[in-house]
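Pasted below: my_file35.cif, mmCIF, C-alpha atoms.
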```
data_upload
#
loop_
_atom_site.label_atom_id
_atom_site.label_comp_id
_atom_site.auth_asym_id
_atom_site.auth_seq_id
_atom_site.Cartn_x
_atom_site.Cartn_y
_atom_site.Cartn_z
CA MET A 311 25.86 -0.30 -7.58
CA THR A 312 27.61 0.18 -4.23
CA SER A 313 29.06 -3.10 -2.94
CA ILE A 314 28.00 -4.59 0.40
CA ARG A 315 31.57 -4.16 1.70
CA THR A 316 31.55 -0.45 0.80
CA LYS A 317 28.16 0.06 2.47
CA MET A 318 29.43 -1.61 5.63
CA VAL A 319 32.55 0.60 5.68
CA LEU A 320 30.41 3.73 5.31
CA LEU A 321 27.98 2.69 8.04
CA GLU A 322 30.54 1.75 10.70
CA ALA A 323 32.82 4.20 12.55
CA SER A 324 36.39 3.89 11.24
CA SER A 325 37.89 3.86 14.75
CA VAL A 326 35.87 0.76 15.69
CA ARG A 327 36.76 -0.91 12.40
CA TYR A 328 40.48 -0.14 12.91
CA PHE A 329 40.36 -1.49 16.47
CA ARG A 330 38.64 -4.72 15.38
CA GLU A 331 41.20 -5.31 12.61
CA ALA A 332 44.10 -4.77 15.01
CA ALA A 333 42.53 -7.00 17.65
CA THR A 334 41.87 -9.87 15.25
CA ALA A 335 45.24 -9.53 13.48
CA GLY A 336 47.14 -9.21 16.79
CA SER A 337 49.38 -6.62 15.14
CA ILE A 338 49.17 -2.90 14.38
CA ARG A 339 51.40 -3.34 11.33
CA ARG A 340 49.38 -6.20 9.80
CA ALA A 341 46.09 -4.37 10.50
CA ALA A 342 47.42 -1.20 8.85
CA GLU A 343 48.45 -3.17 5.77
CA ALA A 344 45.02 -4.81 5.52
CA LEU A 345 43.27 -1.44 5.85
CA TYR A 346 45.67 0.45 3.53
CA VAL A 347 46.49 3.05 6.19
CA SER A 348 49.72 3.93 7.95
CA PRO A 349 50.48 2.27 11.30
CA SER A 350 50.66 5.73 12.92
CA ALA A 351 47.18 6.68 11.62
CA LEU A 352 45.76 3.40 12.93
CA THR A 353 47.46 3.89 16.31
CA ARG A 354 46.06 7.44 16.61
CA SER A 355 42.55 6.26 15.74
CA ILE A 356 42.60 3.51 18.41
CA ALA A 357 44.03 5.98 20.96
CA GLN A 358 41.12 8.36 20.26
CA LEU A 359 38.68 5.49 20.76
CA GLU A 360 40.34 4.56 24.07
CA LYS A 361 40.15 8.20 25.17
CA LEU A 362 36.48 8.39 24.23
CA LEU A 363 35.64 5.21 26.17
CA GLY A 364 37.96 6.07 29.05
CA THR A 365 39.71 2.71 29.08
CA LYS A 366 42.58 0.79 27.52
CA LEU A 367 41.52 -1.59 24.77
CA LEU A 368 44.86 -3.03 23.60
CA GLU A 369 48.07 -3.90 25.40
CA ARG A 370 51.17 -3.30 23.24
CA ARG A 371 53.63 -6.19 23.43
CA ALA A 372 56.89 -6.92 21.66
CA ARG A 373 55.23 -9.34 19.27
CA GLY A 374 52.04 -7.37 18.72
CA VAL A 375 48.93 -6.45 20.69
CA THR A 376 46.58 -8.30 23.05
CA LEU A 377 43.10 -7.45 24.26
CA THR A 378 42.35 -5.97 27.65
CA PRO A 379 39.05 -7.11 29.31
CA SER A 380 37.42 -3.92 27.98
CA GLY A 381 38.88 -4.61 24.55
CA ALA A 382 37.53 -8.15 24.54
CA LEU A 383 34.07 -6.79 25.38
CA LEU A 384 34.23 -4.17 22.62
CA LEU A 385 35.46 -6.74 20.09
CA ALA A 386 32.53 -9.04 20.84
CA PHE A 387 30.03 -6.18 20.52
CA SER A 388 31.70 -4.86 17.38
CA GLN A 389 31.57 -8.29 15.69
CA GLN A 390 27.89 -8.61 16.58
CA SER A 391 27.28 -5.09 15.27
CA LEU A 392 29.04 -5.97 12.02
CA PHE A 393 26.82 -9.01 11.64
CA ARG A 394 23.70 -6.89 12.21
CA ILE A 395 24.84 -4.23 9.74
CA ASN A 396 25.44 -6.93 7.15
CA GLU A 397 22.03 -8.43 7.88
CA MET A 398 20.37 -5.01 7.58
CA ILE A 399 22.08 -4.25 4.25
CA GLY A 400 20.96 -7.61 2.92
CA ALA A 401 17.38 -6.97 4.02
CA ILE A 402 17.35 -3.54 2.37
CA ASP A 403 18.80 -4.97 -0.83
CA ASP A 404 16.13 -7.69 -0.78
CA LEU A 405 13.43 -5.03 -0.51
CA GLN A 406 14.96 -2.99 -3.33
CA ASP A 407 15.14 -6.05 -5.57
CA LEU A 408 11.65 -7.21 -4.51
CA ARG A 409 12.99 -10.47 -3.10
CA THR A 410 10.90 -9.77 -0.01
CA GLY A 411 8.58 -7.11 1.40
CA GLN A 412 4.94 -6.24 1.90
CA VAL A 413 2.43 -3.87 0.36
CA SER A 414 -0.38 -2.68 2.64
CA ILE A 415 -3.65 -1.47 1.10
CA ALA A 416 -7.05 -0.35 2.38
CA SER A 417 -9.98 -0.11 -0.02
CA VAL A 418 -13.72 0.24 -0.20
CA GLU A 419 -15.36 -3.06 -1.07
CA GLY A 420 -16.52 -2.28 -4.60
CA VAL A 421 -13.00 -1.54 -5.84
CA ALA A 422 -11.47 -4.37 -3.79
CA THR A 423 -13.51 -6.92 -5.73
CA SER A 424 -12.85 -5.44 -9.17
CA VAL A 425 -9.90 -3.44 -10.52
CA LEU A 426 -7.89 -3.71 -7.28
CA SER A 427 -8.17 -7.49 -7.22
CA GLN A 428 -6.86 -7.56 -10.80
CA SER A 429 -3.81 -5.55 -9.73
CA ILE A 430 -3.17 -7.82 -6.75
CA VAL A 431 -3.31 -10.98 -8.89
CA ALA A 432 -0.97 -9.53 -11.53
CA PHE A 433 1.50 -8.19 -8.96
CA GLN A 434 1.64 -11.46 -7.04
CA GLU A 435 2.28 -13.41 -10.23
CA ALA A 436 5.21 -11.08 -11.02
CA HIS A 437 6.57 -10.78 -7.45
CA ALA A 438 5.60 -13.93 -5.57
CA SER A 439 7.93 -13.21 -2.64
CA VAL A 440 6.20 -9.91 -1.80
CA SER A 441 3.15 -10.30 0.43
CA ILE A 442 0.09 -8.08 0.15
CA SER A 443 -2.13 -7.00 3.03
CA LEU A 444 -5.63 -5.84 2.00
CA SER A 445 -8.16 -4.35 4.41
CA VAL A 446 -11.71 -3.75 3.15
CA LEU A 447 -13.06 -0.71 4.99
CA SER A 448 -15.50 2.16 4.75
CA SER A 449 -14.25 5.27 2.91
CA ARG A 450 -13.73 7.15 6.15
CA ALA A 451 -11.78 4.26 7.65
CA VAL A 452 -9.64 4.00 4.48
CA VAL A 453 -8.63 7.66 4.84
CA ASP A 454 -7.90 7.19 8.55
CA ALA A 455 -5.73 4.14 7.83
CA VAL A 456 -3.67 6.07 5.25
CA LEU A 457 -3.32 9.11 7.51
CA SER A 458 -2.20 7.01 10.49
CA GLY A 459 0.38 5.15 8.39
CA GLU A 460 -1.36 1.82 9.03
CA VAL A 461 -1.45 1.27 5.26
CA GLU A 462 0.59 2.71 2.40
CA ILE A 463 -2.13 2.88 -0.27
CA GLY A 464 -5.85 3.62 -0.05
CA VAL A 465 -8.83 3.60 -2.40
CA ALA A 466 -11.83 5.55 -1.11
CA PHE A 467 -15.21 6.74 -2.36
CA GLU A 468 -15.44 10.55 -2.53
CA PRO A 469 -12.81 11.14 0.19
CA GLN A 470 -12.46 14.54 1.80
CA LYS A 471 -9.55 16.56 0.42
CA LEU A 472 -6.92 16.94 3.13
CA ARG A 473 -3.51 18.58 2.85
CA GLU A 474 -1.79 15.43 4.14
CA LEU A 475 -3.16 13.34 1.25
CA ARG A 476 -2.11 13.06 -2.38
CA PHE A 477 -4.82 11.98 -4.82
CA VAL A 478 -2.95 9.79 -7.32
CA GLN A 479 -5.81 8.80 -9.62
CA ALA A 480 -9.56 9.25 -9.65
CA VAL A 481 -12.17 7.35 -11.63
CA VAL A 482 -15.54 9.01 -12.19
CA GLN A 483 -18.08 6.23 -11.84
CA PRO A 484 -21.80 7.04 -11.95
CA LEU A 485 -24.06 5.17 -9.60
CA CYS A 486 -26.59 2.99 -11.39
CA ALA A 487 -29.78 1.16 -10.58
CA VAL A 488 -28.76 -2.52 -10.60
CA VAL A 489 -31.41 -5.21 -11.12
CA ARG A 490 -31.88 -8.71 -12.43
CA ILE A 491 -32.36 -9.02 -16.21
CA ASP A 492 -36.06 -9.91 -15.73
CA HIS A 493 -36.76 -6.85 -13.55
CA PRO A 494 -38.97 -4.10 -15.12
CA ILE A 495 -36.15 -1.56 -14.74
CA ALA A 496 -33.79 -3.73 -16.81
CA ARG A 497 -35.52 -2.71 -20.07
CA LYS A 498 -34.92 1.02 -19.52
CA ARG A 499 -32.04 3.06 -20.98
CA SER A 500 -32.07 5.37 -17.92
CA ILE A 501 -34.25 5.94 -14.89
CA GLU A 502 -35.38 8.70 -12.53
CA ILE A 503 -34.52 8.37 -8.88
CA ALA A 504 -38.19 8.66 -7.91
CA GLU A 505 -38.95 5.52 -9.92
CA ILE A 506 -36.20 3.47 -8.28
CA VAL A 507 -37.60 3.91 -4.78
CA LYS A 508 -40.93 2.37 -5.86
CA HIS A 509 -39.21 -1.02 -5.88
CA PRO A 510 -37.94 -3.00 -2.85
CA LEU A 511 -34.39 -1.80 -2.28
CA VAL A 512 -31.38 -3.78 -1.10
CA LEU A 513 -28.82 -1.20 0.01
CA PRO A 514 -25.41 -1.03 1.65
CA ASN A 515 -25.67 0.50 5.11
CA ALA A 516 -24.86 4.10 6.00
CA SER A 517 -21.15 3.37 6.51
CA PHE A 518 -20.79 3.18 2.70
CA GLY A 519 -20.11 6.37 0.78
CA LEU A 520 -22.43 5.37 -2.04
CA ARG A 521 -25.30 4.96 0.43
CA GLN A 522 -24.59 8.41 1.83
CA THR A 523 -24.68 9.82 -1.71
CA PHE A 524 -27.99 8.05 -2.41
CA ASP A 525 -29.50 9.37 0.82
CA ARG A 526 -28.43 12.93 -0.06
CA ALA A 527 -29.88 12.58 -3.55
CA ILE A 528 -33.30 11.40 -2.42
CA ALA A 529 -33.38 14.04 0.32
CA ALA A 530 -32.63 16.74 -2.29
CA ALA A 531 -35.47 15.36 -4.40
CA GLY A 532 -37.86 15.44 -1.45
CA ILE A 533 -38.23 11.65 -1.46
CA THR A 534 -38.15 9.20 1.42
CA ALA A 535 -37.21 5.56 1.00
CA ALA A 536 -36.66 2.79 3.54
CA PRO A 537 -34.66 -0.19 2.24
CA ALA A 538 -36.25 -3.61 2.31
CA VAL A 539 -32.81 -5.03 3.17
CA GLU A 540 -29.72 -3.27 4.50
CA THR A 541 -26.29 -4.89 4.79
CA ASN A 542 -22.61 -4.12 5.32
CA SER A 543 -21.51 -6.25 2.35
CA ILE A 544 -21.53 -5.39 -1.36
CA GLU A 545 -21.27 -9.09 -2.20
CA ALA A 546 -24.41 -9.74 -0.12
CA VAL A 547 -26.21 -6.94 -1.98
CA LYS A 548 -25.35 -8.52 -5.35
CA THR A 549 -26.35 -12.01 -4.20
CA LEU A 550 -29.71 -10.80 -2.92
CA VAL A 551 -30.49 -8.86 -6.10
CA LYS A 552 -29.54 -11.85 -8.27
CA GLY A 553 -31.89 -13.97 -6.17
CA SER A 554 -35.03 -11.88 -6.62
CA PRO A 555 -36.85 -10.45 -9.68
CA SER A 556 -38.23 -7.59 -7.54
CA PHE A 557 -35.17 -6.30 -5.68
CA ALA A 558 -33.21 -3.28 -6.92
CA THR A 559 -30.02 -1.70 -5.62
CA ILE A 560 -27.66 1.22 -6.22
CA LEU A 561 -24.09 0.34 -7.23
CA HIS A 562 -21.30 1.41 -9.54
CA ARG A 563 -21.39 -0.36 -12.88
CA PHE A 564 -17.80 -1.67 -12.59
CA VAL A 565 -18.77 -3.56 -9.41
CA VAL A 566 -21.17 -5.73 -11.44
CA GLU A 567 -19.29 -5.94 -14.77
CA HIS A 568 -18.78 -9.69 -14.31
CA GLU A 569 -22.50 -10.26 -13.69
CA ILE A 570 -23.43 -8.03 -16.62
CA ARG A 571 -21.18 -10.03 -18.98
CA ARG A 572 -22.81 -13.23 -17.70
CA ASN A 573 -26.25 -11.73 -18.42
CA GLU A 574 -27.28 -11.95 -14.76
CA LEU A 575 -27.68 -8.26 -13.93
CA ARG A 576 -28.31 -4.92 -15.64
CA ALA A 577 -26.93 -1.51 -14.62
CA VAL A 578 -29.24 1.34 -15.61
CA PRO A 579 -27.94 4.95 -15.45
CA ILE A 580 -29.76 7.26 -13.04
CA ASN A 581 -30.84 10.73 -14.20
CA GLU A 582 -29.48 12.61 -11.18
CA SER A 583 -26.38 14.83 -11.29
CA LEU A 584 -25.11 13.98 -7.78
CA MET A 585 -25.13 10.27 -8.56
CA ALA A 586 -23.65 10.67 -12.05
CA SER A 587 -20.32 12.19 -10.95
CA THR A 588 -19.14 10.12 -7.98
CA ARG A 589 -15.46 9.14 -7.82
CA GLU A 590 -13.29 6.35 -6.56
CA VAL A 591 -9.95 7.90 -5.53
CA LEU A 592 -6.53 6.28 -5.20
CA LEU A 593 -4.59 8.07 -2.47
CA VAL A 594 -1.42 8.05 -0.36
CA ARG A 595 0.08 10.25 2.35
CA LYS A 596 2.14 13.06 0.85
CA ASP A 597 4.98 12.67 3.34
CA LYS A 598 5.11 8.87 3.54
CA PHE A 599 8.04 7.05 1.94
CA LEU A 600 6.73 4.17 -0.15
CA SER A 601 8.76 0.98 -0.44
CA GLN A 602 9.91 -0.15 -3.87
CA ALA A 603 7.18 -2.80 -3.87
CA ALA A 604 4.50 -0.26 -2.93
CA GLN A 605 5.69 2.15 -5.64
CA LEU A 606 5.45 -0.56 -8.31
CA PHE A 607 2.04 -1.67 -7.09
CA LEU A 608 0.81 1.93 -7.02
CA ALA A 609 1.99 2.47 -10.60
CA ASP A 610 0.14 -0.63 -11.82
CA LEU A 611 -3.07 0.23 -10.00
CA THR A 612 -2.88 3.82 -11.30
CA ARG A 613 -2.57 2.49 -14.86
CA ARG A 614 -5.54 0.15 -14.42
CA MET A 615 -7.74 2.85 -12.91
CA SER A 616 -6.74 5.23 -15.71
CA ALA A 617 -7.74 2.58 -18.26
CA VAL A 618 -11.12 2.18 -16.56
CA GLN A 619 -11.63 5.95 -16.76
CA GLY A 620 -10.53 6.00 -20.40
CA ASN A 621 -12.92 3.20 -21.34
CA ARG A 622 -15.77 4.97 -19.65
CA SER A 623 -14.99 8.27 -21.42
CA ALA A 624 -14.82 6.49 -24.77
CA LYS A 625 -18.22 4.85 -24.22
CA ALA A 626 -19.75 8.18 -23.18
CA ALA A 627 -18.47 9.81 -26.38
CA ARG A 628 -20.11 7.20 -28.62
#
```

Render the structure in this file as structure tokens.
Amino acid sequence: MTSIRTKMVLLEASSVRYFREAATAGSIRRAAEALYVSPSALTRSIAQLEKLLGTKLLERRARGVTLTPSGALLLAFSQQSLFRINEMIGAIDDLQDLRTGQVSIASVEGVATSVLSQSIVAFQEAHASVSISLSVLSSRAVVDAVLSGEVEIGVAFEPQKLRELRFVQAVVQPLCAVVRIDHPIARKRSIEIAEIVKHPLVLPNASFGLRQTFDRAIAAAGITAAPAVETNSIEAVKTLVKGSPSFATILHRFVVEHEIRRNELRAVPINESLMASTREVLLVRKDKFLSQAAQLFLADLTRRMSAVQGNRSAKAAR
């Protein structure tokens, strides 16, 4: 690994470094010895710097060199610059070693409260000094945030394919009818979309991709359906459905896995091709440099989403 001293030498102009050494040593000879260069090479370098700046920087005396007013000014600035370079190198090294940093993410709500939250918890436990910024947005807003550079990582529902985006991982997640365990639908192995709309519906509003998919599906089937309740929160949808034996909703199964395990809700597959092949997509900008922290987080989230997809494929094969 390149040492901090070597990085500083590479980042700073040699003529400024030679001048500062001579100014602080008060002697061309002593500065040349410290820098492992010849006194003549050091003298030429300082002369070139003086020519470039159009002013004398050092006065040659019998016992060494002293600073001119311009030299004193340059020395002060050069010492401050050295401090800032050192500070910058330290900050970069901290980022590389994950001693500091931030990961910025935008996600649709369903993923944010499931597999993404698992990744965040695991990453924070492993890298407590790295902060995570999570914005819960609509799919369109997630894509916009990634494209604008506002966030490094996005998870969106059925995002449009754009040349600026790289799709890292996709999980095919069918939309299901989600009801309480004492709802009539709960006893079914699958259900037709026409039957779902006969029940009072609690639905996410039209800003959600899954609602847009549902609306397209019922339109294609020649069905109309007005929700009994409409909201901009997936958590509110789940709470309302858990609170009523008559309400039904449309959600991905993974969003309600916790409630299914607790025997509170059931997720019943819908017999409709459009709703059976929807995807949650992990994406980044193709041309955006990701920090070390973001790269590690992305790798973990990719692995978790891949595992979700693998589990689903295994269940479908049985």

Skipping near chain neighbours, those fewer than 5 positions away, what residues fall within 10 Å of Ile430 (chain A) using only C-alpha atoms, listed as a PyMOL selection string? chain A and resi 413+422+425+435-436+441-444+607+610-611

Kindly resolve the PyMOL selection byres ((chain A and resi 382-391) around 12) on the present coordinates and return the residues as a ChimeraX atom specification. /A:318,321-334,359-360,363,365-369,376-381,392-398

Saved selection, atoms kept: C-alpha atoms, as a tab-separated table (two decimals), keeping the file's coordinate frame:
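For reference, selection-v4.tsv as written:
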```
chain	number	residue	atom	x	y	z
A	318	MET	CA	29.43	-1.61	5.63
A	321	LEU	CA	27.98	2.69	8.04
A	322	GLU	CA	30.54	1.75	10.70
A	323	ALA	CA	32.82	4.20	12.55
A	324	SER	CA	36.39	3.89	11.24
A	325	SER	CA	37.89	3.86	14.75
A	326	VAL	CA	35.87	0.76	15.69
A	327	ARG	CA	36.76	-0.91	12.40
A	328	TYR	CA	40.48	-0.14	12.91
A	329	PHE	CA	40.36	-1.49	16.47
A	330	ARG	CA	38.64	-4.72	15.38
A	331	GLU	CA	41.20	-5.31	12.61
A	332	ALA	CA	44.10	-4.77	15.01
A	333	ALA	CA	42.53	-7.00	17.65
A	334	THR	CA	41.87	-9.87	15.25
A	359	LEU	CA	38.68	5.49	20.76
A	360	GLU	CA	40.34	4.56	24.07
A	363	LEU	CA	35.64	5.21	26.17
A	365	THR	CA	39.71	2.71	29.08
A	366	LYS	CA	42.58	0.79	27.52
A	367	LEU	CA	41.52	-1.59	24.77
A	368	LEU	CA	44.86	-3.03	23.60
A	369	GLU	CA	48.07	-3.90	25.40
A	376	THR	CA	46.58	-8.30	23.05
A	377	LEU	CA	43.10	-7.45	24.26
A	378	THR	CA	42.35	-5.97	27.65
A	379	PRO	CA	39.05	-7.11	29.31
A	380	SER	CA	37.42	-3.92	27.98
A	381	GLY	CA	38.88	-4.61	24.55
A	392	LEU	CA	29.04	-5.97	12.02
A	393	PHE	CA	26.82	-9.01	11.64
A	394	ARG	CA	23.70	-6.89	12.21
A	395	ILE	CA	24.84	-4.23	9.74
A	396	ASN	CA	25.44	-6.93	7.15
A	397	GLU	CA	22.03	-8.43	7.88
A	398	MET	CA	20.37	-5.01	7.58
```

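Remark: for Val418 (chain A), the closest of the candidate residues A:Gly519, A:Pro537, A:Gly553, A:Pro484 is A:Gly519 (distances computed over all atoms listed in the file).
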
Counting all atoms listed in the file, the option among A:Ala496, A:Ala527, A:Ala516, A:Ile570 closest to Ser556 (chain A): A:Ala496

Translate the PyMOL selection byres ((chain A and resi 502-506) around 6) into a concrete residue list for this structure, as number ranges by chain. A: 501, 507-509, 580-581

Rounded to one decimal in Å, what is the spacing between CA of Leu352 (chain A) and CA of Ile338 (chain A)? 7.3 Å

The PyMOL selection byres ((chain A and resi 510-515) around 10) applied to the shown file, residues as a PyMOL selection string: chain A and resi 487-489+506-509+516-522+524+535-548+550-551+556-561

What is the distance between CA of Gly374 (chain A) and CA of Arg340 (chain A), in Å to one decimal?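 Answer for the CA of Gly374 (chain A) to CA of Arg340 (chain A) separation: 9.4 Å.
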
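The shell of residues at most 12 Å from Leu606 (chain A), with only C-alpha atoms counted and near chain neighbours (fewer than 4 positions) removed, consists of A:Gln406, A:Asp407, A:Leu408, A:Gln412, A:Val413, A:Ser429, A:Ile430, A:Ala432, A:Phe433, A:Gln434, A:Ala436, A:His437, A:Val440, A:Ile463, A:Leu600, A:Ser601, A:Gln602, A:Asp610, A:Leu611, A:Thr612, A:Arg613.
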
Point-to-point distance in Å for CA of Phe564 (chain A) and CA of Gly459 (chain A):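 Result for CA of Gly459 (chain A) versus CA of Phe564 (chain A): 28.6 Å, one decimal.
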
Quick one: everything within 7 Å of region 476-482 of chain A, counting all atoms listed in the file, minus sequence neighbours fewer than 5 positions away in the same chain. Send it as a PyMOL selection string. chain A and resi 587-596+612+615+619

Find the residue from A:Ala341, A:Ala531, A:Val461, A:Val578 that sits nearest to Arg497 (chain A); use all atoms listed in the file when measuring.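 Checking each of A:Ala341, A:Ala531, A:Val461, A:Val578 against Arg497 (chain A), counting all atoms listed in the file, the winner is A:Val578.
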
Selection near Asp454 (chain A), 12 Å with all atoms listed in the file, sequence-local residues under 4 positions removed, as a ChimeraX atom specification: /A:416-417,447-450,458-466,469-470,472,474-475,593-595
